[in-house]
Amino acid sequence: MRNLSFRSKQRLRKLLIAAAITAVVLVAAAICLVVYLERYIVYTADGAHLDFSGTHASDTAPDTLEPLPDAPLEILDGSESSESSGLTRLSGLYVTVDMLSDPDAVLAAVDAQAGQTAVLLDLKSIYGNFYYNTTLTGAGISSAVDAAAVDSLLTQLAGRSDVYRIARIPAFRDSAYALANQACGLPLASGALWMDEENCYWLDPGNELVLSYLSSIVRELRDLGFDEVVFSDFTFPNSANIQYDGDRSTALLEAAARLQANVTADGLVFSLETTDPALAAYATRVYCVTDDGADVADVSSALSSVYSDLPASLVFLTASRDTRFSQYGLLQPAIAETES
């Protein structure tokens, strides 16, 4: 057997090191490629595949809607809103999913409030998972919080006469339901589901199953002791890549009318997170999330024609101490939010 010379061994060693480095670089590149392409994976009845035809089109706010000329519901004014809610102007706290991780601190914050207090809680992720132990068939529970601890928090709040309970849930932004019921999602021309920049699928506001699903959530929230439900993400994504045959504005307004009727029939107050006057016409209250006090004038001006008693019908969720917010309903964080 021939022995390799020292020079040959050195050359072989260099070749092996170079090969190892090349392999590591290729593996790293492959991992980066997979992570990058993950956002373009879409799902159809035939399975998963890649689609680059606009899955990341920007989700900008739609144009201002015009109210339906034949709206089946009477427009609510502020006096009716305040009477149905039991409060003339909301004052209290909001609780995000991060705050739900510390229910004892939330209860302590509620205890520190004087008099009747409104408490708004986020109870569902935009990806479709619930923050409490829902009994809805096929619904998932989020791993971001301890659902049993949230259940206990809800039970304790439900037993208090000094707390006005508000649940906030995303309306048409729900990846889990869209994947499980793909005919309910917003499609691309290819038939795959359209995805926003946060890798989230959206639901069709004009789909009967979607409205039935949201109504089922409302009934469960009623049974959990809530007084009011706020639908966030109540909009139609403004993307030309979405293949939709109907009129988008009409679908959204009709959904508001249908849900308003269902929620009211279940004995809850129907509210929306919106600044659009046409949608606000169907809501007892509207909620606005902002820390910029300059937004107060713009929002109140936009909604002044909808509500005769705007302070009772407009609620700001803000961590700001700007006194301009105090003219209207005001909910502030139950636990101080820290920057990440």
# chains A, B, ... in the order shown; residues from 1 in each chain; ligands from 1
call {"tool": "residues_around", "arguments": {"residues": "Thr135 in chain A", "least_positions_apart": "2", "cutoff": "12 Å", "atoms": "only C-alpha atoms", "output": "list in words"}}
result
Phe130, Tyr132, Asn133, Thr137, Gly138, Ala139, Gly140, Ile141, Ser216, Ile217, Arg219, Glu220, Leu221, Asp223 and Leu224 of chain A
call {"tool": "write_last_selection", "arguments": {"atoms": "N, CA, C and O atoms", "output": "PDB file, in the first residue's frame"}}
result
ATOM      1  N   PHE A 130     -58.085  30.438  19.418  1.00  0.00           N
ATOM      2  CA  PHE A 130     -58.743  31.124  20.517  1.00  0.00           C
ATOM      3  C   PHE A 130     -57.832  31.174  21.738  1.00  0.00           C
ATOM      4  O   PHE A 130     -57.005  30.282  21.948  1.00  0.00           O
ATOM      5  N   TYR A 132     -59.077  31.218  24.821  1.00  0.00           N
ATOM      6  CA  TYR A 132     -59.778  30.519  25.892  1.00  0.00           C
ATOM      7  C   TYR A 132     -60.206  29.160  25.344  1.00  0.00           C
ATOM      8  O   TYR A 132     -60.069  28.880  24.145  1.00  0.00           O
ATOM      9  N   ASN A 133     -60.730  28.304  26.190  1.00  0.00           N
ATOM     10  CA  ASN A 133     -61.123  26.961  25.759  1.00  0.00           C
ATOM     11  C   ASN A 133     -62.506  26.996  25.117  1.00  0.00           C
ATOM     12  O   ASN A 133     -63.518  26.747  25.762  1.00  0.00           O
ATOM     13  N   THR A 137     -66.803  23.518  17.350  1.00  0.00           N
ATOM     14  CA  THR A 137     -66.260  22.355  16.662  1.00  0.00           C
ATOM     15  C   THR A 137     -65.136  22.749  15.715  1.00  0.00           C
ATOM     16  O   THR A 137     -65.294  23.655  14.893  1.00  0.00           O
ATOM     17  N   GLY A 138     -64.016  22.065  15.842  1.00  0.00           N
ATOM     18  CA  GLY A 138     -62.897  22.281  14.939  1.00  0.00           C
ATOM     19  C   GLY A 138     -62.031  23.483  15.255  1.00  0.00           C
ATOM     20  O   GLY A 138     -61.004  23.697  14.596  1.00  0.00           O
ATOM     21  N   ALA A 139     -62.398  24.276  16.250  1.00  0.00           N
ATOM     22  CA  ALA A 139     -61.626  25.483  16.576  1.00  0.00           C
ATOM     23  C   ALA A 139     -60.374  25.110  17.361  1.00  0.00           C
ATOM     24  O   ALA A 139     -60.388  24.202  18.197  1.00  0.00           O
ATOM     25  N   GLY A 140     -59.289  25.834  17.100  1.00  0.00           N
ATOM     26  CA  GLY A 140     -58.032  25.575  17.770  1.00  0.00           C
ATOM     27  C   GLY A 140     -57.805  26.508  18.947  1.00  0.00           C
ATOM     28  O   GLY A 140     -58.350  27.614  18.999  1.00  0.00           O
ATOM     29  N   ILE A 141     -56.988  26.069  19.892  1.00  0.00           N
ATOM     30  CA  ILE A 141     -56.638  26.862  21.062  1.00  0.00           C
ATOM     31  C   ILE A 141     -55.207  27.353  20.893  1.00  0.00           C
ATOM     32  O   ILE A 141     -54.303  26.586  20.558  1.00  0.00           O
ATOM     33  N   SER A 216     -71.825  32.163  15.657  1.00  0.00           N
ATOM     34  CA  SER A 216     -71.629  31.112  16.665  1.00  0.00           C
ATOM     35  C   SER A 216     -70.651  31.571  17.743  1.00  0.00           C
ATOM     36  O   SER A 216     -70.833  31.284  18.932  1.00  0.00           O
ATOM     37  N   ILE A 217     -69.617  32.285  17.322  1.00  0.00           N
ATOM     38  CA  ILE A 217     -68.664  32.826  18.292  1.00  0.00           C
ATOM     39  C   ILE A 217     -69.372  33.806  19.224  1.00  0.00           C
ATOM     40  O   ILE A 217     -69.161  33.800  20.440  1.00  0.00           O
ATOM     41  N   ARG A 219     -72.503  33.900  20.112  1.00  0.00           N
ATOM     42  CA  ARG A 219     -73.362  33.191  21.064  1.00  0.00           C
ATOM     43  C   ARG A 219     -72.537  32.593  22.206  1.00  0.00           C
ATOM     44  O   ARG A 219     -72.965  32.596  23.366  1.00  0.00           O
ATOM     45  N   GLU A 220     -71.361  32.086  21.881  1.00  0.00           N
ATOM     46  CA  GLU A 220     -70.504  31.540  22.932  1.00  0.00           C
ATOM     47  C   GLU A 220     -70.027  32.652  23.869  1.00  0.00           C
ATOM     48  O   GLU A 220     -69.982  32.468  25.091  1.00  0.00           O
ATOM     49  N   LEU A 221     -69.689  33.803  23.305  1.00  0.00           N
ATOM     50  CA  LEU A 221     -69.256  34.932  24.125  1.00  0.00           C
ATOM     51  C   LEU A 221     -70.383  35.414  25.035  1.00  0.00           C
ATOM     52  O   LEU A 221     -70.155  35.796  26.184  1.00  0.00           O
ATOM     53  N   ASP A 223     -72.696  33.504  26.292  1.00  0.00           N
ATOM     54  CA  ASP A 223     -72.788  32.519  27.361  1.00  0.00           C
ATOM     55  C   ASP A 223     -71.648  32.650  28.366  1.00  0.00           C
ATOM     56  O   ASP A 223     -71.774  32.217  29.520  1.00  0.00           O
ATOM     57  N   LEU A 224     -70.541  33.252  27.938  1.00  0.00           N
ATOM     58  CA  LEU A 224     -69.405  33.476  28.837  1.00  0.00           C
ATOM     59  C   LEU A 224     -69.565  34.756  29.659  1.00  0.00           C
ATOM     60  O   LEU A 224     -68.705  35.078  30.473  1.00  0.00           O
TER      61      LEU A 224
END
call {"tool": "closest_atom_pairs", "arguments": {"of": "range 251-330 of chain A", "to": "range 206-211 of chain A", "cutoff": "9 Å", "atoms": "only C-alpha atoms", "output": "Markdown table"}}
result
| residue | atom | partner | partner_atom | distance |
| --- | --- | --- | --- | --- |
| A:Ala251 | CA | A:Gly206 | CA | 4.9 |
| A:Leu252 | CA | A:Gly206 | CA | 7.0 |
| A:Glu254 | CA | A:Gly206 | CA | 7.6 |
| A:Ala255 | CA | A:Gly206 | CA | 6.4 |
| A:Arg258 | CA | A:Leu211 | CA | 7.9 |
| A:Leu259 | CA | A:Leu211 | CA | 7.1 |
call {"tool": "write_last_selection", "arguments": {"atoms": "C-alpha atoms", "output": "PDB file, in the first residue's frame"}}
result
ATOM      1  CA  ALA A 251     -70.657  42.314   0.557  1.00  0.00           C
ATOM      2  CA  LEU A 252     -69.038  44.109   3.468  1.00  0.00           C
ATOM      3  CA  GLU A 254     -74.479  43.465   3.995  1.00  0.00           C
ATOM      4  CA  ALA A 255     -72.277  41.455   6.364  1.00  0.00           C
ATOM      5  CA  ARG A 258     -76.578  40.690   9.035  1.00  0.00           C
ATOM      6  CA  LEU A 259     -74.214  40.478  11.986  1.00  0.00           C
TER       7      LEU A 259
END
call {"tool": "closest_residue", "arguments": {"among": "A:Phe226, A:Phe231, A:Tyr244, A:Tyr164", "to": "Leu188 in chain A", "atoms": "only C-alpha atoms"}}
result
A:Tyr244
call {"tool": "atom_distance", "arguments": {"atom1": "CA of Ser305 in chain A", "atom2": "CA of Ala281 in chain A"}}
result
9.5 Å
call {"tool": "select_by_dssp", "arguments": {"residues": "range 134-166 of chain A", "states": "strand (DSSP E)", "output": "list in words"}}
result
Val163, Tyr164, Arg165 and Ile166 of chain A
call {"tool": "atom_distance", "arguments": {"atom1": "CA of Cys200 in chain A", "atom2": "CA of Glu337 in chain A"}}
result
24.6 Å
call {"tool": "residues_around", "arguments": {"residues": "Leu330 in chain A", "least_positions_apart": "5", "cutoff": "9 Å", "atoms": "only C-alpha atoms", "output": "PyMOL selection string"}}
result
chain A and resi 89-93+314-318+325
